[in-house]
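Next up, structure-v1.pdb (PDB, C-alpha atoms):
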```
ATOM      1  CA  LYS A 823     102.799  79.493  66.337
ATOM      2  CA  ALA A 824     102.450  83.235  66.431
ATOM      3  CA  GLY A 825     102.356  84.764  69.873
ATOM      4  CA  VAL A 826      99.809  87.094  71.387
ATOM      5  CA  THR A 827      99.567  90.332  69.450
ATOM      6  CA  GLN A 828      98.223  93.659  70.601
ATOM      7  CA  THR A 829      97.369  96.731  68.603
ATOM      8  CA  PRO A 830      98.112  99.521  68.666
ATOM      9  CA  ARG A 831     101.399  99.433  70.544
ATOM     10  CA  TYR A 832     101.264 103.099  71.545
ATOM     11  CA  LEU A 833      98.431 105.559  71.953
ATOM     12  CA  ILE A 834      98.149 109.151  73.028
ATOM     13  CA  LYS A 835      94.714 110.426  73.979
ATOM     14  CA  THR A 836      93.303 113.397  75.834
ATOM     15  CA  ARG A 837      91.099 113.392  78.890
ATOM     16  CA  GLY A 838      87.481 112.644  78.165
ATOM     17  CA  GLN A 839      88.147 110.684  75.000
ATOM     18  CA  GLN A 840      87.579 106.978  74.649
ATOM     19  CA  VAL A 841      89.945 104.296  73.417
ATOM     20  CA  THR A 842      89.717 100.743  72.094
ATOM     21  CA  LEU A 843      92.567  98.280  72.380
ATOM     22  CA  SER A 844      92.764  94.992  70.522
ATOM     23  CA  CYS A 845      94.259  91.630  71.404
ATOM     24  CA  SER A 846      94.677  88.554  69.214
ATOM     25  CA  PRO A 847      95.387  85.395  71.217
ATOM     26  CA  ILE A 848      97.566  82.487  70.267
ATOM     27  CA  SER A 849      95.809  80.245  67.774
ATOM     28  CA  GLY A 850      93.651  77.739  69.632
ATOM     29  CA  HIS A 851      93.510  79.762  72.838
ATOM     30  CA  ARG A 852      90.007  80.686  73.877
ATOM     31  CA  SER A 853      90.625  82.633  77.057
ATOM     32  CA  VAL A 854      91.828  86.221  77.066
ATOM     33  CA  SER A 855      92.652  88.176  80.212
ATOM     34  CA  TRP A 856      93.440  91.876  80.434
ATOM     35  CA  TYR A 857      95.698  93.629  82.928
ATOM     36  CA  GLN A 858      96.653  97.204  83.676
ATOM     37  CA  GLN A 859     100.270  97.851  84.638
ATOM     38  CA  THR A 860     101.287 101.112  86.326
ATOM     39  CA  PRO A 861     104.339 102.030  88.410
ATOM     40  CA  GLY A 862     102.179 102.830  91.406
ATOM     41  CA  GLN A 863      99.616 100.032  91.408
ATOM     42  CA  GLY A 864     101.588  97.327  89.649
ATOM     43  CA  LEU A 865      99.737  94.723  87.641
ATOM     44  CA  GLN A 866      96.006  94.604  88.173
ATOM     45  CA  PHE A 867      93.470  92.261  86.621
ATOM     46  CA  LEU A 868      90.743  93.876  84.555
ATOM     47  CA  PHE A 869      88.656  91.004  83.181
ATOM     48  CA  GLU A 870      88.707  87.642  81.477
ATOM     49  CA  TYR A 871      86.743  86.373  78.503
ATOM     50  CA  PHE A 872      86.137  82.849  77.320
ATOM     51  CA  SER A 873      83.948  81.889  74.387
ATOM     52  CA  GLU A 874      82.632  85.443  74.074
ATOM     53  CA  THR A 875      81.536  85.516  77.728
ATOM     54  CA  GLN A 876      83.045  87.508  80.554
ATOM     55  CA  ARG A 877      83.812  84.969  83.260
ATOM     56  CA  ASN A 878      85.657  87.172  85.692
ATOM     57  CA  LYS A 879      86.041  90.842  86.423
ATOM     58  CA  GLY A 880      88.448  92.883  88.503
ATOM     59  CA  ASN A 881      87.781  95.926  90.602
ATOM     60  CA  PHE A 882      87.695  98.642  87.957
ATOM     61  CA  PRO A 883      85.015 101.233  87.245
ATOM     62  CA  GLY A 884      82.407 100.663  84.566
ATOM     63  CA  ARG A 885      84.343 102.904  82.187
ATOM     64  CA  PHE A 886      86.451  99.838  81.496
ATOM     65  CA  SER A 887      84.700  97.275  79.361
ATOM     66  CA  GLY A 888      85.601  94.495  77.029
ATOM     67  CA  ARG A 889      84.302  91.957  74.617
ATOM     68  CA  GLN A 890      85.409  88.869  72.791
ATOM     69  CA  PHE A 891      84.586  87.780  69.291
ATOM     70  CA  SER A 892      83.858  84.338  67.920
ATOM     71  CA  ASN A 893      87.470  84.018  66.714
ATOM     72  CA  SER A 894      88.635  84.661  70.319
ATOM     73  CA  ARG A 895      90.053  88.087  69.503
ATOM     74  CA  SER A 896      89.275  90.519  72.264
ATOM     75  CA  GLU A 897      88.922  94.246  72.621
ATOM     76  CA  MET A 898      88.859  96.435  75.656
ATOM     77  CA  ASN A 899      87.383  99.894  75.747
ATOM     78  CA  VAL A 900      87.968 102.726  78.144
ATOM     79  CA  SER A 901      85.516 105.587  77.997
ATOM     80  CA  THR A 902      85.873 109.102  79.400
ATOM     81  CA  LEU A 903      89.611 108.765  79.831
ATOM     82  CA  GLU A 904      91.264 110.118  82.960
ATOM     83  CA  LEU A 905      94.916 110.972  83.527
ATOM     84  CA  GLY A 906      95.179 107.983  85.842
ATOM     85  CA  ASP A 907      94.327 105.623  83.004
ATOM     86  CA  SER A 908      97.813 106.135  81.590
ATOM     87  CA  ALA A 909      99.327 102.680  81.771
ATOM     88  CA  LEU A 910     100.609  99.652  79.926
ATOM     89  CA  TYR A 911      97.669  97.427  79.087
ATOM     90  CA  LEU A 912      98.562  93.787  78.751
ATOM     91  CA  CYS A 913      96.500  90.974  77.424
ATOM     92  CA  ALA A 914      97.232  87.327  77.979
ATOM     93  CA  SER A 915      95.791  84.223  76.417
ATOM     94  CA  SER A 916      95.422  80.645  77.572
ATOM     95  CA  LEU A 917      93.673  77.547  76.363
ATOM     96  CA  GLY A 918      90.845  78.246  78.787
ATOM     97  CA  GLY A 919      89.391  74.761  78.790
ATOM     98  CA  ARG A 920      90.051  74.040  82.444
ATOM     99  CA  GLY A 921      90.010  77.690  83.340
ATOM    100  CA  LEU A 922      92.095  77.271  86.450
ATOM    101  CA  GLY A 923      95.833  77.418  86.823
ATOM    102  CA  GLU A 924      96.568  77.491  83.124
ATOM    103  CA  THR A 925      99.665  79.268  81.950
ATOM    104  CA  GLN A 926      98.930  82.656  80.475
ATOM    105  CA  TYR A 927     100.932  83.913  77.526
ATOM    106  CA  PHE A 928     101.304  87.676  77.391
ATOM    107  CA  GLY A 929     101.326  90.107  74.538
ATOM    108  CA  PRO A 930     103.732  93.043  74.248
ATOM    109  CA  GLY A 931     101.164  95.474  75.593
ATOM    110  CA  THR A 932      99.638  98.740  74.504
ATOM    111  CA  ARG A 933     101.099 101.806  76.153
ATOM    112  CA  LEU A 934      98.406 104.424  76.661
ATOM    113  CA  LEU A 935      99.241 107.988  77.570
ATOM    114  CA  VAL A 936      96.385 110.274  78.565
ATOM    115  CA  LEU A 937      97.114 114.011  78.398
TER     116      LEU A 937
ATOM    117  CA  ALA B1003      91.034  87.407  98.313
ATOM    118  CA  GLN B1004      94.588  86.594  97.407
ATOM    119  CA  THR B1005      97.620  88.730  98.100
ATOM    120  CA  VAL B1006     101.194  88.326  96.910
ATOM    121  CA  THR B1007     104.134  90.131  98.479
ATOM    122  CA  GLN B1008     107.623  90.546  97.118
ATOM    123  CA  SER B1009     109.751  92.232  99.734
ATOM    124  CA  GLN B1010     112.825  92.871  97.578
ATOM    125  CA  PRO B1011     112.292  95.797  95.194
ATOM    126  CA  GLU B1012     115.746  95.373  93.670
ATOM    127  CA  MET B1013     118.489  92.779  93.662
ATOM    128  CA  SER B1014     121.760  92.363  91.865
ATOM    129  CA  VAL B1015     124.032  89.414  91.215
ATOM    130  CA  GLN B1016     127.259  88.704  89.412
ATOM    131  CA  GLU B1017     127.181  86.621  86.272
ATOM    132  CA  ALA B1018     127.440  82.862  86.987
ATOM    133  CA  GLU B1019     126.367  83.273  90.603
ATOM    134  CA  THR B1020     123.149  82.151  92.263
ATOM    135  CA  VAL B1021     120.391  84.465  93.440
ATOM    136  CA  THR B1022     117.121  83.856  95.280
ATOM    137  CA  LEU B1023     114.066  86.055  94.932
ATOM    138  CA  SER B1024     111.516  85.975  97.744
ATOM    139  CA  CYS B1025     107.745  85.802  97.550
ATOM    140  CA  THR B1026     105.049  85.243 100.129
ATOM    141  CA  TYR B1027     101.373  84.885  99.461
ATOM    142  CA  ASP B1028      98.120  84.628 101.300
ATOM    143  CA  THR B1029      95.058  82.717 100.236
ATOM    144  CA  SER B1030      92.076  81.021 101.791
ATOM    145  CA  GLU B1031      91.819  78.591  98.900
ATOM    146  CA  ASN B1032      92.924  74.975  99.077
ATOM    147  CA  ASN B1033      93.371  74.788  95.330
ATOM    148  CA  TYR B1034      95.701  77.384  93.831
ATOM    149  CA  TYR B1035      98.639  77.830  91.522
ATOM    150  CA  LEU B1036     101.801  79.885  91.785
ATOM    151  CA  PHE B1037     103.898  81.392  89.027
ATOM    152  CA  TRP B1038     107.033  83.360  88.409
ATOM    153  CA  TYR B1039     106.981  85.618  85.380
ATOM    154  CA  LYS B1040     109.882  87.586  83.915
ATOM    155  CA  GLN B1041     109.522  90.954  82.180
ATOM    156  CA  PRO B1042     112.777  92.035  80.484
ATOM    157  CA  PRO B1043     113.230  95.754  79.790
ATOM    158  CA  SER B1044     110.864  96.825  77.014
ATOM    159  CA  ARG B1045     109.990  93.229  76.224
ATOM    160  CA  GLN B1046     106.996  91.117  76.930
ATOM    161  CA  MET B1047     106.320  89.067  80.003
ATOM    162  CA  ILE B1048     107.149  85.384  79.837
ATOM    163  CA  LEU B1049     106.548  82.498  82.195
ATOM    164  CA  VAL B1050     109.571  81.300  84.118
ATOM    165  CA  ILE B1051     108.095  78.551  86.236
ATOM    166  CA  ARG B1052     104.748  77.241  87.492
ATOM    167  CA  GLN B1053     103.837  75.345  90.669
ATOM    168  CA  GLU B1054     100.624  73.554  91.526
ATOM    169  CA  ALA B1055      99.932  73.937  95.226
ATOM    170  CA  TYR B1056      98.803  70.361  95.711
ATOM    171  CA  LYS B1057     102.138  69.060  94.439
ATOM    172  CA  GLN B1058     104.772  68.846  97.141
ATOM    173  CA  GLN B1059     107.652  68.532  94.727
ATOM    174  CA  ASN B1060     109.321  71.823  93.896
ATOM    175  CA  ALA B1061     109.148  72.803  90.229
ATOM    176  CA  THR B1062     112.361  73.207  88.240
ATOM    177  CA  GLU B1063     113.052  74.544  84.764
ATOM    178  CA  ASN B1064     116.708  74.310  83.787
ATOM    179  CA  ARG B1065     118.537  76.975  85.840
ATOM    180  CA  PHE B1066     115.348  78.060  87.584
ATOM    181  CA  SER B1067     113.894  76.314  90.606
ATOM    182  CA  VAL B1068     111.481  77.183  93.365
ATOM    183  CA  ASN B1069     111.375  76.551  97.070
ATOM    184  CA  PHE B1070     107.680  76.067  97.817
ATOM    185  CA  GLN B1071     106.879  76.102 101.540
ATOM    186  CA  LYS B1072     103.128  75.652 101.687
ATOM    187  CA  ALA B1073     102.702  75.995 105.440
ATOM    188  CA  ALA B1074     104.738  79.193 105.456
ATOM    189  CA  LYS B1075     103.025  80.415 102.269
ATOM    190  CA  SER B1076     106.396  81.089 100.736
ATOM    191  CA  PHE B1077     107.390  80.625  97.091
ATOM    192  CA  SER B1078     110.945  81.739  96.357
ATOM    193  CA  LEU B1079     112.725  81.548  93.008
ATOM    194  CA  LYS B1080     116.325  80.448  92.734
ATOM    195  CA  ILE B1081     118.301  81.312  89.633
ATOM    196  CA  SER B1082     121.520  79.348  89.258
ATOM    197  CA  ASP B1083     124.435  80.295  86.997
ATOM    198  CA  SER B1084     122.954  83.754  86.405
ATOM    199  CA  GLN B1085     123.284  85.115  82.890
ATOM    200  CA  LEU B1086     123.155  88.675  81.557
ATOM    201  CA  GLY B1087     119.888  87.790  79.818
ATOM    202  CA  ASP B1088     118.303  87.143  83.209
ATOM    203  CA  THR B1089     118.247  90.889  83.841
ATOM    204  CA  ALA B1090     114.542  91.695  84.144
ATOM    205  CA  MET B1091     111.680  92.471  86.469
ATOM    206  CA  TYR B1092     110.447  89.282  88.105
ATOM    207  CA  PHE B1093     106.867  88.934  89.230
ATOM    208  CA  CYS B1094     105.500  86.340  91.575
ATOM    209  CA  ALA B1095     101.824  85.583  90.941
ATOM    210  CA  SER B1096      99.043  83.370  92.195
ATOM    211  CA  MET B1097      95.819  82.082  90.762
ATOM    212  CA  ALA B1098      93.104  80.737  93.010
ATOM    213  CA  GLY B1099      90.820  77.853  92.299
ATOM    214  CA  GLY B1100      87.089  78.259  92.457
ATOM    215  CA  THR B1101      85.788  80.847  90.036
ATOM    216  CA  SER B1102      88.951  82.927  89.666
ATOM    217  CA  TYR B1103      89.032  82.309  85.961
ATOM    218  CA  GLY B1104      91.977  83.913  84.226
ATOM    219  CA  LYS B1105      92.870  86.097  87.180
ATOM    220  CA  LEU B1106      96.492  86.300  88.174
ATOM    221  CA  THR B1107      97.280  88.241  91.337
ATOM    222  CA  PHE B1108     100.757  89.728  91.077
ATOM    223  CA  GLY B1109     103.316  90.916  93.572
ATOM    224  CA  GLN B1110     104.968  94.298  93.120
ATOM    225  CA  GLY B1111     107.952  92.792  91.355
ATOM    226  CA  THR B1112     111.693  92.525  91.935
ATOM    227  CA  ILE B1113     114.136  94.176  89.555
ATOM    228  CA  LEU B1114     117.056  91.819  89.053
ATOM    229  CA  THR B1115     120.268  93.088  87.517
ATOM    230  CA  VAL B1116     122.965  90.634  86.484
ATOM    231  CA  HIS B1117     126.408  92.232  86.320
ATOM    232  CA  PRO B1118     129.233  90.940  84.104
TER     233      PRO B1118
END
```
Whole structure given in structure tokens:
Amino acid sequence: KAGVTQTPRYLIKTRGQQVTLSCSPISGHRSVSWYQQTPGQGLQFLFEYFSETQRNKGNFPGRFSGRQFSNSRSEMNVSTLELGDSALYLCASSLGGRGLGETQYFGPGTRLLVL
Amino acid sequence: AQTVTQSQPEMSVQEAETVTLSCTYDTSENNYYLFWYKQPPSRQMILVIRQEAYKQQNATENRFSVNFQKAAKSFSLKISDSQLGDTAMYFCASMAGGTSYGKLTFGQGTILTVHP
């Protein structure tokens, strides 16, 4: 089975722009979670989607949003980029049926640099 | 709210030796899960081992085992017969029951270097 894929792998944007990141889960996985990884804050949970519905959300401003499509692919969007949004954005997929305690499988991440 | 603390920012070990990485957590949930993930340099994060809190038996996966002390809220990872490929950042993580769908809470990580 193919693993979790994320596109693009690298992005450079300027402050004030917006960006969309994409994540394709492992075939058969219906849950997708997103995380932000920075040297200062570590790994922080952004949100989780299951069957096109956001089930859980972390403590991030409304500039961070996401969605999930019927094929379980997910996108996250960051509007009005700030320098502090520079980070590695990771998505992870899981079966999602039980929702709790399932192993998450991570993608390689998208590295975003905001100038 | 859940918190996970890894008190060792960096550790090193000689090849073939044993090393233990520490992790403590705090949760008010009765139902939760604990994980160790490994993130090699410039490579993606992979699961090392998973523990269900209601199971008293410590999880093992080949050279990797955990020491789960529920009362002390401690979840350490022991790596036996360390190999060069074990060099990575190791993250301890928890996931609560209830409505914490898909949310892993991570510690700050421990950089492990295995020396030949």
Spatial neighbours of Phe872 in chain A, max dist 6 Å, all atoms listed in the file, sep filter under 3 positions, as a list in words: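 Neighbouring residues, sequence-local ones excluded: Arg852, Ser853 and Thr875 of chain A.
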Selected residue, from B:Phe1077, B:Tyr1034, B:Phe1070, B:Tyr1056, that lies nearest to chain A when counting only C-alpha atoms: B:Tyr1034
Selection result of the PyMOL selection byres ((chain B) within 12 of (chain A)) on this file, as JSON, numbers by chain: {"B": [1003, 1005, 1006, 1007, 1008, 1033, 1034, 1035, 1036, 1037, 1038, 1039, 1040, 1041, 1042, 1043, 1044, 1045, 1046, 1047, 1048, 1049, 1050, 1051, 1052, 1053, 1054, 1055, 1056, 1091, 1093, 1094, 1095, 1096, 1097, 1098, 1099, 1100, 1101, 1102, 1103, 1104, 1105, 1106, 1107, 1108, 1109, 1110, 1111, 1112]}
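Around the coordinate (120.0, 91.5, 97.2), residues that reach within 9 Å when counting only C-alpha atoms are Gln1010, Glu1012, Met1013, Ser1014, Val1015, Val1021, Thr1022, Leu1023 and Leu1114 of chain B.
Shortest separation to Pro1118 in chain B among B:Asn1032, B:Ser1078, B:Ser1084, B:Tyr1092 occurs at residue B:Ser1084, atoms counted being only C-alpha atoms.
Interatomic distance, CA of Met898 in chain A to CA of Ser846 in chain A: 11.7 Å.
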One-decimal distance in Å that lies between CA of Asn881 in chain A and CA of Ser1030 in chain B: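 The value is 19.1 Å.
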Using the chain letters and residue numbers of this document, give as a short mmCIF file (atom, residue, chain, number, x, y, z; two decimals) with C-alpha atoms, keeping the file's coordinate frame the residues selected by the PyMOL selection byres ((chain A and resi 835) around 6).
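Saved result, part-v1.cif, follows:
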```cif
data_model
loop_
_atom_site.label_atom_id
_atom_site.label_comp_id
_atom_site.auth_asym_id
_atom_site.auth_seq_id
_atom_site.Cartn_x
_atom_site.Cartn_y
_atom_site.Cartn_z
CA ILE A 834 98.15 109.15 73.03
CA THR A 836 93.30 113.40 75.83
CA VAL A 936 96.38 110.27 78.56
#
```
Would you place a box with edges along x, y and z of the file around all atoms of range 826-842 of chain A listed there, add 5 Å to each of its six sides, and report the centre and edge lengths in Å to one decimal, as AutoDock Vina command-line options?
```
--center_x 94.4 --center_y 100.2 --center_z 73.7 --size_x 23.9 --size_y 36.3 --size_z 20.3
```
CA of Val1068 in chain B to CA of Tyr911 in chain A, distance in Å rounded to a single decimal: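 Computed distance, CA of Val1068 in chain B to CA of Tyr911 in chain A, equals 28.4 Å.
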Please supply range 845-856 of chain A, rebuilt with N, CA and C atoms, as a PDB file, keeping the file's coordinate frame.
```pdb
ATOM      1  N   CYS A 845      93.371  92.731  71.032  1.00  0.00           N
ATOM      2  CA  CYS A 845      94.259  91.630  71.404  1.00  0.00           C
ATOM      3  C   CYS A 845      93.893  90.395  70.596  1.00  0.00           C
ATOM      4  N   SER A 846      94.881  89.814  69.935  1.00  0.00           N
ATOM      5  CA  SER A 846      94.677  88.554  69.214  1.00  0.00           C
ATOM      6  C   SER A 846      95.435  87.456  69.935  1.00  0.00           C
ATOM      7  N   PRO A 847      94.724  86.449  70.422  1.00  0.00           N
ATOM      8  CA  PRO A 847      95.387  85.395  71.217  1.00  0.00           C
ATOM      9  C   PRO A 847      96.140  84.419  70.330  1.00  0.00           C
ATOM     10  N   ILE A 848      96.902  83.577  70.969  1.00  0.00           N
ATOM     11  CA  ILE A 848      97.566  82.487  70.267  1.00  0.00           C
ATOM     12  C   ILE A 848      96.501  81.574  69.651  1.00  0.00           C
ATOM     13  N   SER A 849      96.763  81.098  68.462  1.00  0.00           N
ATOM     14  CA  SER A 849      95.809  80.245  67.774  1.00  0.00           C
ATOM     15  C   SER A 849      95.435  79.046  68.653  1.00  0.00           C
ATOM     16  N   GLY A 850      94.127  78.842  68.810  1.00  0.00           N
ATOM     17  CA  GLY A 850      93.651  77.739  69.632  1.00  0.00           C
ATOM     18  C   GLY A 850      93.342  78.123  71.069  1.00  0.00           C
ATOM     19  N   HIS A 851      93.819  79.280  71.493  1.00  0.00           N
ATOM     20  CA  HIS A 851      93.510  79.762  72.838  1.00  0.00           C
ATOM     21  C   HIS A 851      92.158  80.450  72.830  1.00  0.00           C
ATOM     22  N   ARG A 852      91.348  80.124  73.839  1.00  0.00           N
ATOM     23  CA  ARG A 852      90.007  80.686  73.877  1.00  0.00           C
ATOM     24  C   ARG A 852      89.783  81.640  75.042  1.00  0.00           C
ATOM     25  N   SER A 853      90.747  81.724  75.911  1.00  0.00           N
ATOM     26  CA  SER A 853      90.625  82.633  77.057  1.00  0.00           C
ATOM     27  C   SER A 853      91.558  83.818  76.869  1.00  0.00           C
ATOM     28  N   VAL A 854      91.026  85.006  77.113  1.00  0.00           N
ATOM     29  CA  VAL A 854      91.828  86.221  77.066  1.00  0.00           C
ATOM     30  C   VAL A 854      91.597  86.999  78.356  1.00  0.00           C
ATOM     31  N   SER A 855      92.698  87.338  79.000  1.00  0.00           N
ATOM     32  CA  SER A 855      92.652  88.176  80.212  1.00  0.00           C
ATOM     33  C   SER A 855      93.323  89.505  79.921  1.00  0.00           C
ATOM     34  N   TRP A 856      92.870  90.535  80.589  1.00  0.00           N
ATOM     35  CA  TRP A 856      93.440  91.876  80.434  1.00  0.00           C
ATOM     36  C   TRP A 856      93.944  92.365  81.786  1.00  0.00           C
TER      37      TRP A 856
END
```
